[in-house]
>>> print(open('input-v5.txt').read())   # compact mmCIF, C-alpha atoms
# COMPACT_ATOMS: atom_id res chain seq x y z
CA MET G 8 -228.97 16.73 -175.22
CA THR G 9 -232.27 15.53 -176.66
CA SER G 10 -233.21 11.91 -176.13
CA VAL G 11 -233.95 9.57 -179.04
CA LEU G 12 -237.62 9.26 -178.07
CA GLU G 13 -238.09 13.01 -177.68
CA ARG G 14 -236.53 13.63 -181.07
CA TYR G 15 -238.60 10.90 -182.73
CA ARG G 16 -241.85 12.24 -181.26
CA ALA G 17 -240.93 15.78 -182.36
CA LEU G 18 -240.41 14.60 -185.93
CA VAL G 19 -243.81 12.87 -185.92
CA ALA G 20 -245.49 15.95 -184.44
CA ALA G 21 -243.89 18.15 -187.11
CA GLY G 22 -245.18 15.86 -189.87
CA GLU G 23 -241.68 14.92 -191.02
CA LEU G 24 -242.37 11.30 -190.07
CA LYS G 25 -245.59 9.31 -190.11
CA ALA G 26 -246.73 7.72 -186.86
CA ASP G 27 -245.49 4.12 -186.90
CA GLU G 28 -246.03 1.78 -183.96
CA GLU G 29 -242.98 -0.40 -184.61
CA GLN G 30 -240.73 2.62 -185.13
CA ALA G 31 -241.98 4.14 -181.87
CA PHE G 32 -241.23 0.91 -179.99
CA ALA G 33 -237.71 0.75 -181.48
CA ALA G 34 -237.15 4.43 -180.62
CA GLN G 35 -238.15 3.69 -177.03
CA ARG G 36 -235.64 0.83 -176.80
CA LEU G 37 -232.89 2.98 -178.33
CA ASP G 38 -233.78 5.75 -175.90
CA GLN G 39 -233.33 3.31 -173.03
CA LEU G 40 -229.93 2.29 -174.36
CA GLN G 41 -228.95 5.95 -174.75
CA GLN G 42 -229.75 6.59 -171.09
CA GLN G 43 -227.77 3.55 -169.98
CA LEU G 44 -224.72 4.59 -171.99
CA GLU G 45 -224.84 8.17 -170.74
CA GLU G 46 -225.06 7.20 -167.08
CA GLN G 47 -221.85 7.51 -165.07
CA PRO G 48 -220.35 4.10 -164.22
CA ARG G 49 -221.38 3.11 -160.73
CA LYS G 50 -218.75 2.72 -158.06
CA VAL G 51 -217.94 -0.82 -156.98
CA GLY G 52 -218.46 -1.29 -153.24
CA LEU G 53 -216.03 -2.85 -150.79
CA VAL G 54 -218.11 -6.03 -150.39
CA GLU G 55 -218.13 -6.61 -154.15
CA ARG G 56 -214.39 -6.09 -154.34
CA LEU G 57 -213.80 -8.52 -151.47
CA PHE G 58 -215.93 -11.24 -153.01
CA LYS G 59 -214.77 -10.41 -156.57
CA ARG G 60 -218.21 -10.56 -158.05
CA GLU G 61 -218.16 -10.45 -161.80
CA GLN G 62 -220.81 -7.83 -162.44
CA SER G 63 -220.91 -5.61 -165.51
CA ASP G 64 -222.49 -2.23 -166.07
CA VAL G 65 -222.14 -2.61 -169.82
CA PRO G 66 -225.65 -2.59 -171.36
CA ARG G 67 -226.74 -5.12 -173.95
CA GLY G 68 -226.43 -4.01 -177.54
CA LEU G 69 -229.11 -4.18 -180.21
CA TYR G 70 -229.61 -5.97 -183.52
CA VAL G 71 -232.55 -4.37 -185.37
CA TRP G 72 -233.65 -6.11 -188.53
CA GLY G 73 -236.47 -5.80 -191.05
CA ASN G 74 -237.30 -5.21 -194.68
CA VAL G 75 -235.81 -2.33 -196.62
CA GLY G 76 -237.31 1.13 -196.11
CA ARG G 77 -238.84 0.56 -192.67
CA GLY G 78 -236.88 3.33 -190.94
CA LYS G 79 -233.89 1.43 -189.54
CA SER G 80 -231.31 3.87 -190.91
CA MET G 81 -233.34 6.86 -189.75
CA LEU G 82 -233.53 5.51 -186.21
CA MET G 83 -229.82 4.64 -186.21
CA ASP G 84 -229.05 8.23 -187.22
CA LEU G 85 -231.28 9.56 -184.43
CA PHE G 86 -229.61 7.32 -181.88
CA HIS G 87 -226.06 8.18 -182.89
CA ASN G 88 -226.78 11.91 -183.17
CA CYS G 89 -228.52 12.06 -179.78
CA LEU G 90 -226.03 9.85 -177.91
CA ASN G 91 -223.93 12.13 -175.71
CA ILE G 92 -220.76 10.16 -175.04
CA PRO G 93 -217.29 10.95 -176.39
CA LEU G 94 -216.28 7.51 -177.68
CA LYS G 95 -219.00 6.66 -180.19
CA ARG G 96 -218.69 5.68 -183.82
CA ARG G 97 -221.12 5.16 -186.68
CA ALA G 98 -219.32 3.09 -189.29
CA HIS G 99 -220.22 1.58 -192.61
CA PHE G 100 -219.87 -2.14 -192.01
CA HIS G 101 -217.81 -2.93 -195.12
CA GLU G 102 -215.42 -0.05 -194.48
CA PHE G 103 -215.04 -1.13 -190.86
CA MET G 104 -214.14 -4.66 -191.90
CA ILE G 105 -211.66 -3.39 -194.51
CA GLU G 106 -210.07 -1.38 -191.70
CA VAL G 107 -210.02 -4.45 -189.43
CA HIS G 108 -208.27 -6.55 -192.10
CA ALA G 109 -205.67 -3.79 -192.56
CA ARG G 110 -205.02 -3.76 -188.80
CA LEU G 111 -204.74 -7.54 -188.77
CA ARG G 112 -202.11 -7.43 -191.52
CA VAL G 113 -200.05 -5.04 -189.41
CA GLU G 114 -200.32 -7.32 -186.36
CA ARG G 115 -199.49 -10.46 -188.33
CA ALA G 116 -196.32 -8.79 -189.61
CA LYS G 117 -195.18 -8.43 -186.00
CA GLU G 118 -195.33 -12.24 -185.57
CA LYS G 119 -196.34 -11.94 -181.91
CA GLY G 120 -199.15 -14.47 -181.73
CA ASP G 121 -202.89 -14.05 -182.20
CA PRO G 122 -203.41 -10.81 -184.18
CA ILE G 123 -207.09 -10.40 -183.28
CA GLN G 124 -206.57 -9.57 -179.61
CA PRO G 125 -204.44 -6.43 -180.11
CA VAL G 126 -206.85 -5.24 -182.79
CA VAL G 127 -209.75 -5.72 -180.37
CA ALA G 128 -207.85 -3.86 -177.66
CA ASP G 129 -207.13 -0.91 -179.95
CA ILE G 130 -210.73 -0.59 -181.14
CA ALA G 131 -212.06 -0.90 -177.57
CA GLN G 132 -209.79 1.98 -176.52
CA GLU G 133 -211.20 4.15 -179.32
CA THR G 134 -214.89 3.29 -179.14
CA LYS G 135 -217.42 2.46 -176.45
CA CYS G 136 -220.47 2.33 -178.72
CA LEU G 137 -220.09 1.02 -182.26
CA CYS G 138 -223.02 1.53 -184.65
CA PHE G 139 -223.43 -0.27 -187.98
CA ASP G 140 -226.20 0.37 -190.47
CA GLU G 141 -227.44 -2.44 -192.74
CA MET G 142 -224.99 -5.17 -191.75
CA VAL G 143 -224.47 -7.54 -194.66
CA VAL G 144 -221.91 -10.35 -194.71
CA ASN G 145 -221.09 -11.57 -198.20
CA ASN G 146 -217.47 -12.70 -198.16
CA SER G 147 -215.65 -15.51 -196.40
CA ALA G 148 -212.76 -13.29 -195.23
CA ASP G 149 -215.14 -11.33 -192.99
CA ALA G 150 -217.16 -14.39 -191.97
CA MET G 151 -214.07 -16.27 -190.75
CA ILE G 152 -213.07 -13.67 -188.15
CA MET G 153 -216.33 -12.04 -187.08
CA SER G 154 -217.17 -14.35 -184.18
CA ARG G 155 -213.80 -13.90 -182.46
CA LEU G 156 -213.59 -10.20 -183.30
CA PHE G 157 -217.01 -9.25 -181.94
CA THR G 158 -216.80 -11.58 -178.96
CA GLY G 159 -213.61 -9.76 -178.01
CA LEU G 160 -215.19 -6.33 -178.52
CA ILE G 161 -218.26 -7.14 -176.44
CA GLU G 162 -216.17 -8.66 -173.65
CA ALA G 163 -214.01 -5.52 -173.72
CA GLY G 164 -217.10 -3.43 -173.00
CA VAL G 165 -217.93 -2.16 -176.50
CA VAL G 166 -221.69 -1.86 -177.05
CA ILE G 167 -222.72 -2.96 -180.55
CA VAL G 168 -225.81 -1.49 -182.22
CA THR G 169 -226.57 -2.66 -185.73
CA THR G 170 -229.35 -2.79 -188.28
CA SER G 171 -229.80 -5.35 -191.02
CA ASN G 172 -232.26 -6.37 -193.70
CA ARG G 173 -231.85 -9.96 -192.55
CA ALA G 174 -232.65 -11.93 -189.42
CA PRO G 175 -229.51 -13.20 -187.67
CA ASN G 176 -230.05 -16.76 -188.93
CA ASP G 177 -230.14 -15.51 -192.53
CA LEU G 178 -226.78 -13.70 -192.41
CA TYR G 179 -224.20 -15.16 -194.81
CA LYS G 180 -226.82 -17.71 -195.85
CA ASP G 181 -225.36 -20.38 -198.20
CA GLY G 182 -221.95 -18.70 -197.84
CA LEU G 183 -218.68 -20.56 -198.29
CA ASN G 184 -217.62 -22.37 -195.08
CA ARG G 185 -220.65 -20.98 -193.27
CA GLU G 186 -220.06 -23.33 -190.35
CA HIS G 187 -217.23 -21.02 -189.27
CA PHE G 188 -219.71 -18.15 -189.19
CA LEU G 189 -222.37 -19.86 -187.05
CA PRO G 190 -220.73 -18.87 -183.72
CA PHE G 191 -221.26 -15.22 -184.71
CA ILE G 192 -225.00 -15.85 -185.08
CA GLY G 193 -224.96 -17.46 -181.64
CA LEU G 194 -223.12 -14.42 -180.28
CA ILE G 195 -225.83 -12.07 -181.59
CA GLU G 196 -228.58 -14.13 -180.02
CA GLN G 197 -226.78 -14.43 -176.67
CA ARG G 198 -225.26 -10.97 -176.24
CA LEU G 199 -227.52 -8.59 -178.19
CA ASP G 200 -231.24 -7.91 -178.01
CA VAL G 201 -232.74 -8.84 -181.38
CA MET G 202 -235.61 -6.57 -182.43
CA THR G 203 -237.77 -6.69 -185.56
CA LEU G 204 -238.69 -3.48 -187.35
CA ASN G 205 -240.93 -4.70 -190.13
CA GLY G 206 -243.98 -2.49 -190.50
CA PRO G 207 -246.18 -2.63 -193.62
CA THR G 208 -244.80 0.51 -195.29
CA ASP G 209 -241.59 0.75 -197.32
CA TYR G 210 -240.97 4.46 -196.72
CA ARG G 211 -237.95 4.60 -199.01
CA LEU G 212 -239.92 3.20 -201.94
CA GLU G 213 -242.95 5.32 -201.01
CA ARG G 214 -240.84 8.45 -201.47
CA LEU G 215 -240.26 7.47 -205.10
CA ALA G 216 -243.93 6.77 -205.76
CA GLY G 217 -244.98 8.26 -209.07
CA MET G 218 -241.43 9.23 -210.01
CA ALA G 219 -239.31 7.84 -212.80
CA THR G 220 -235.67 7.01 -212.13
CA TRP G 221 -234.24 7.76 -215.60
CA TYR G 222 -234.73 11.22 -217.08
CA SER G 223 -233.80 12.22 -220.63
CA PRO G 224 -232.88 14.32 -222.48
CA LEU G 225 -230.69 16.56 -220.38
CA GLY G 226 -232.17 19.93 -219.59
CA PRO G 227 -234.07 21.90 -216.93
CA SER G 228 -236.83 19.29 -216.65
CA ALA G 229 -234.39 16.42 -215.94
CA THR G 230 -232.41 18.58 -213.52
CA GLU G 231 -235.52 19.56 -211.59
CA ALA G 232 -236.71 15.93 -211.42
CA CYS G 233 -233.40 14.78 -209.91
CA ARG G 234 -233.47 17.70 -207.49
CA GLU G 235 -236.99 16.71 -206.41
CA ALA G 236 -235.90 13.08 -205.98
CA PHE G 237 -233.06 14.13 -203.67
CA PHE G 238 -235.35 16.14 -201.43
CA ARG G 239 -237.95 13.37 -201.35
CA MET G 240 -235.38 10.73 -200.43
CA THR G 241 -233.74 12.80 -197.70
CA ASP G 242 -236.68 14.87 -196.34
CA TYR G 243 -234.40 17.88 -196.72
CA PRO G 244 -236.30 21.17 -197.21
CA PRO G 245 -235.82 22.50 -200.77
CA GLU G 246 -235.57 26.05 -199.45
CA ASP G 247 -232.28 25.07 -197.76
CA ALA G 248 -230.81 23.57 -200.95
CA GLU G 249 -227.64 25.66 -200.75
CA HIS G 250 -226.88 24.15 -197.33
CA VAL G 251 -227.03 20.47 -198.36
CA PRO G 252 -223.94 18.83 -196.80
CA SER G 253 -221.09 17.39 -198.82
CA GLN G 254 -218.44 14.88 -197.78
CA ASP G 255 -215.12 13.39 -198.78
CA LEU G 256 -215.38 9.62 -199.21
CA ASP G 257 -212.34 7.46 -198.51
CA VAL G 258 -211.95 5.22 -201.56
CA GLY G 259 -208.75 3.52 -200.40
CA GLY G 260 -205.08 4.04 -200.96
CA GLY G 261 -205.19 7.33 -199.11
CA ARG G 262 -207.46 8.83 -201.78
CA LEU G 263 -210.61 10.85 -201.15
CA LEU G 264 -213.55 11.32 -203.50
CA HIS G 265 -215.53 14.52 -203.03
CA VAL G 266 -219.29 13.98 -202.86
CA PRO G 267 -220.96 17.32 -203.66
CA LYS G 268 -224.25 16.40 -201.99
CA SER G 269 -224.52 13.63 -199.41
CA LEU G 270 -227.29 13.03 -196.89
CA LYS G 271 -228.98 10.02 -195.29
CA GLY G 272 -227.33 7.50 -197.59
CA VAL G 273 -228.14 9.46 -200.76
CA ALA G 274 -225.32 10.89 -202.89
CA VAL G 275 -225.32 13.19 -205.91
CA PHE G 276 -222.55 12.94 -208.51
CA SER G 277 -221.90 14.24 -211.99
CA PHE G 278 -221.01 11.82 -214.79
CA LYS G 279 -217.91 13.92 -215.43
CA ARG G 280 -216.63 13.42 -211.88
CA LEU G 281 -217.18 9.66 -211.85
CA CYS G 282 -216.49 8.61 -215.42
CA ALA G 283 -214.45 11.31 -217.15
CA GLU G 284 -211.76 11.30 -214.46
CA ALA G 285 -209.27 8.46 -213.91
CA ARG G 286 -211.29 6.17 -211.62
CA GLY G 287 -211.64 2.45 -211.22
CA ALA G 288 -213.47 -0.37 -209.47
CA PRO G 289 -212.27 0.49 -205.92
CA ASP G 290 -213.80 3.97 -206.21
CA TYR G 291 -217.11 2.62 -207.46
CA LEU G 292 -217.21 -0.16 -204.86
CA SER G 293 -216.71 2.40 -202.09
CA ILE G 294 -219.63 4.41 -203.45
CA ALA G 295 -221.82 1.31 -203.78
CA ARG G 296 -221.07 0.18 -200.24
CA HIS G 297 -221.56 3.59 -198.68
CA PHE G 298 -224.75 4.87 -200.33
CA HIS G 299 -228.12 3.19 -200.81
CA THR G 300 -229.11 5.70 -203.51
CA VAL G 301 -226.99 7.48 -206.14
CA ILE G 302 -228.25 10.38 -208.24
CA LEU G 303 -226.08 10.66 -211.34
CA VAL G 304 -226.49 13.75 -213.51
CA GLY G 305 -225.07 14.97 -216.81
CA ILE G 306 -224.73 11.59 -218.57
CA PRO G 307 -223.96 12.44 -222.22
CA LYS G 308 -224.66 10.35 -225.27
CA LEU G 309 -221.44 8.42 -225.80
CA GLY G 310 -219.53 7.64 -228.99
CA PRO G 311 -216.23 6.09 -230.12
CA GLU G 312 -214.31 9.04 -228.72
CA ASN G 313 -215.79 8.27 -225.27
CA ARG G 314 -214.70 4.63 -225.03
CA ASN G 315 -212.83 5.24 -221.75
CA GLU G 316 -215.82 7.00 -220.20
CA ALA G 317 -218.08 4.19 -221.42
CA ALA G 318 -215.82 1.54 -219.88
CA ARG G 319 -215.81 3.36 -216.54
CA PHE G 320 -219.59 3.75 -216.71
CA VAL G 321 -219.92 -0.02 -217.22
CA THR G 322 -217.78 -0.65 -214.12
CA LEU G 323 -219.77 1.89 -212.11
CA ILE G 324 -223.12 0.35 -213.01
CA ASP G 325 -221.81 -3.14 -212.25
CA ALA G 326 -220.84 -2.01 -208.73
CA LEU G 327 -224.16 -0.25 -208.11
CA TYR G 328 -226.16 -3.18 -209.47
CA GLU G 329 -224.30 -5.82 -207.46
CA HIS G 330 -224.92 -3.85 -204.25
CA LYS G 331 -228.56 -3.10 -205.13
CA VAL G 332 -228.01 0.65 -205.05
CA LYS G 333 -230.94 2.69 -206.31
CA LEU G 334 -229.96 4.81 -209.32
CA ILE G 335 -231.68 8.03 -210.35
CA ALA G 336 -230.17 9.45 -213.53
CA ALA G 337 -230.33 12.42 -215.85
CA ALA G 338 -229.01 11.47 -219.30
CA ASP G 339 -229.04 12.73 -222.85
CA ALA G 340 -230.51 9.47 -224.14
CA LEU G 341 -232.34 6.34 -223.06
CA PRO G 342 -230.10 3.43 -221.98
CA SER G 343 -230.70 1.54 -225.23
CA VAL G 344 -229.19 4.33 -227.35
CA LEU G 345 -226.71 5.77 -224.87
CA TYR G 346 -223.66 4.11 -226.49
CA THR G 347 -224.26 2.74 -229.96
CA LYS G 348 -220.77 2.87 -231.51
CA GLY G 349 -217.30 2.35 -230.09
CA ASP G 350 -215.00 -0.14 -228.40
CA GLY G 351 -216.85 -2.29 -225.88
CA ARG G 352 -220.23 -1.68 -227.49
CA PHE G 353 -221.09 -5.38 -227.31
CA GLU G 354 -220.24 -5.53 -223.60
CA PHE G 355 -222.32 -2.40 -223.05
CA GLU G 356 -225.46 -4.41 -223.84
CA ARG G 357 -225.25 -5.97 -220.38
CA THR G 358 -225.13 -2.49 -218.89
CA VAL G 359 -228.23 -1.52 -220.87
CA SER G 360 -230.01 -4.59 -219.51
CA ARG G 361 -228.98 -3.75 -215.96
CA LEU G 362 -230.04 -0.12 -216.31
CA MET G 363 -233.49 -1.25 -217.44
CA GLU G 364 -233.78 -3.71 -214.54
CA MET G 365 -232.67 -1.04 -212.06
CA GLN G 366 -235.81 0.92 -212.96
CA SER G 367 -238.11 -1.97 -212.05
CA LEU G 368 -240.19 -2.19 -208.89
CA ASP G 369 -238.63 -5.56 -208.04
CA TYR G 370 -235.13 -4.05 -208.07
CA LEU G 371 -236.14 -0.90 -206.18
CA SER G 372 -237.74 -3.05 -203.46
CA GLN G 373 -234.51 -4.90 -202.67
CA GLY G 374 -232.32 -4.06 -199.72
CA HIS G 375 -229.02 -2.25 -200.10
CA GLY G 376 -226.08 -4.64 -200.17
CA GLU G 377 -228.19 -7.75 -200.69
CA SER G 378 -226.58 -10.32 -202.95
>>> encode(input="input-v5.txt", output="structure tokens")
Amino acid sequence: MTSVLERYRALVAAGELKADEEQAFAAQRLDQLQQQLEEQPRKVGLVERLFKREQSDVPRGLYVWGNVGRGKSMLMDLFHNCLNIPLKRRAHFHEFMIEVHARLRVERAKEKGDPIQPVVADIAQETKCLCFDEMVVNNSADAMIMSRLFTGLIEAGVVIVTTSNRAPNDLYKDGLNREHFLPFIGLIEQRLDVMTLNGPTDYRLERLAGMATWYSPLGPSATEACREAFFRMTDYPPEDAEHVPSQDLDVGGGRLLHVPKSLKGVAVFSFKRLCAEARGAPDYLSIARHFHTVILVGIPKLGPENRNEAARFVTLIDALYEHKVKLIAAADALPSVLYTKGDGRFEFERTVSRLMEMQSLDYLSQGHGES
């Protein structure tokens, strides 16, 4: 298979990426890690067995951090796609932690002692390289267990590769009972190589340069603008539009939400799918955690007969706003006149305010998941 560095250089040569010194250095380090992971484990010699030397062939993981839009997600995708080992996993951090808490509940119900160790053992059996993109810690439930959980995973031979918008010391900053989280920061600094990817260009924001994020009224012009935004954000060739991948997003409770177009953290939805169907906060939180950009099309002007749709729209925007998701929308009216009559109209004013702020440069410059 192609190495990370070869693939990165090919993308630069093809003009799909701009030459970037810090990206190239990070690609080289990821390439080195790829080679280490793909090498066959060396055989332990007789002398080592006799003297019981504690030597490990497990390579050090990576913690890559920097401002939003510097190419961290792109490089993580290259690494995971190029890595040729069977037990690899690229997981959204919040979803992974939700899964961990569910496993812990099962173990606690068994009442057989420390529940973390069997969870660690199970994950280590399933995965040898665990990749997280944009690690953000913003709740005490995660913070309380992360040090023990990840210490166990690393000691079990799992290689951790993660990106973040924050330096290790800034994770869970000012969080409740942060002292319990500090050992995790120490673990990162001791067991992972910390690398900064913080070049001068915000490529994600650069792709939106000169483009609006709210298009009205509905019609061919708004549709074409949203289509153009998708291709700019994902670098996907417009001539292959019919081949844009879709996915089914796990929104909890055994339910799946179909995402008609999904690529590189960008998702396209219709208003009808998200707000006219019976959906609630868990669905919208899953979307907000999983995607850094949402393109929402077909937003109608709402009236008293649409109070349920309006209420769901309020909940959706709250979730996107709280997770700093970029919103590109095609609507039949500007936010200020989108819902002028009906139950919850007063509460909708906050949504109008948030929709206006979400179009600002300050908002668009913030990192996904930042609180």
>>> residues_around(input="input-v5.txt", residues="Pro122 of chain G", least_positions_apart="6", cutoff="10 Å", atoms="all atoms listed in the file", output="ChimeraX atom specification")
/G:110-116
>>> residues_around(input="input-v5.txt", residues="Arg211 of chain G", least_positions_apart="3", cutoff="8 Å", atoms="all atoms listed in the file", output="PyMOL selection string")
chain G and resi 75-77+214-215+240
>>> atom_distance(input="input-v5.txt", atom1="atom CA of Phe188 of chain G", atom2="atom CA of Met142 of chain G")
14.2 Å
>>> closest_residue(input="input-v5.txt", among="G:Ile324, G:Leu256, G:Ala317, G:Leu371", to="Phe353 of chain G", atoms="only C-alpha atoms")
G:Ala317
>>> residues_around(input="input-v5.txt", residues="Met365 of chain G", least_positions_apart="4", cutoff="8 Å", atoms="only C-alpha atoms", output="list in words")
Tyr328, Lys333, Leu334, Arg361, Tyr370 and Leu371 of chain G
>>> atom_distance(input="input-v5.txt", atom1="atom CA of Gly73 of chain G", atom2="atom CA of Ser367 of chain G")
21.4 Å
>>> residues_around(input="input-v5.txt", residues="segment 232-234 of chain G", least_positions_apart="2", cutoff="9 Å", atoms="only C-alpha atoms", output="ChimeraX atom specification")
/G:218-220,222,227-230,236-239,245,302-304,335-337
>>> atom_distance(input="input-v5.txt", atom1="atom CA of Glu29 of chain G", atom2="atom CA of Asn88 of chain G")
20.4 Å
>>> closest_residue(input="input-v5.txt", among="G:Ser269, G:Ser372, G:Ser223, G:Ser154", to="Phe191 of chain G", atoms="all atoms listed in the file")
G:Ser154
>>> closest_residue(input="input-v5.txt", among="G:Val71, G:Leu212, G:Ala20, G:Ala288", to="Ala174 of chain G", atoms="all atoms listed in the file")
G:Val71
>>> residues_near_point(input="input-v5.txt", point="(-220.0, 0.4, -224.8)", cutoff="12 Å", atoms="all atoms listed in the file", output="ChimeraX atom specification")
/G:308-322,342-359
>>> closest_atom_pairs(input="input-v5.txt", of="segment 61-151 of chain G", to="segment 159-164 of chain G", cutoff="9 Å", atoms="all atoms listed in the file", output="JSON lines")
{"residue": "G:Ser63", "atom": "CA", "partner": "G:Gly164", "partner_atom": "CA", "distance": 8.7}
{"residue": "G:Asp64", "atom": "CA", "partner": "G:Gly164", "partner_atom": "CA", "distance": 8.9}
{"residue": "G:Val65", "atom": "CA", "partner": "G:Gly164", "partner_atom": "CA", "distance": 6.0}
{"residue": "G:Pro66", "atom": "CA", "partner": "G:Gly164", "partner_atom": "CA", "distance": 8.7}
{"residue": "G:Gly68", "atom": "CA", "partner": "G:Ile161", "partner_atom": "CA", "distance": 8.8}
{"residue": "G:Ile123", "atom": "CA", "partner": "G:Gly159", "partner_atom": "CA", "distance": 8.4}
{"residue": "G:Gln124", "atom": "CA", "partner": "G:Gly159", "partner_atom": "CA", "distance": 7.2}
{"residue": "G:Val127", "atom": "CA", "partner": "G:Leu160", "partner_atom": "CA", "distance": 5.8}
{"residue": "G:Ala128", "atom": "CA", "partner": "G:Ala163", "partner_atom": "CA", "distance": 7.5}
{"residue": "G:Ile130", "atom": "CA", "partner": "G:Leu160", "partner_atom": "CA", "distance": 7.7}
{"residue": "G:Ala131", "atom": "CA", "partner": "G:Ala163", "partner_atom": "CA", "distance": 6.3}
{"residue": "G:Lys135", "atom": "CA", "partner": "G:Gly164", "partner_atom": "CA", "distance": 6.8}
{"residue": "G:Cys136", "atom": "CA", "partner": "G:Gly164", "partner_atom": "CA", "distance": 8.8}
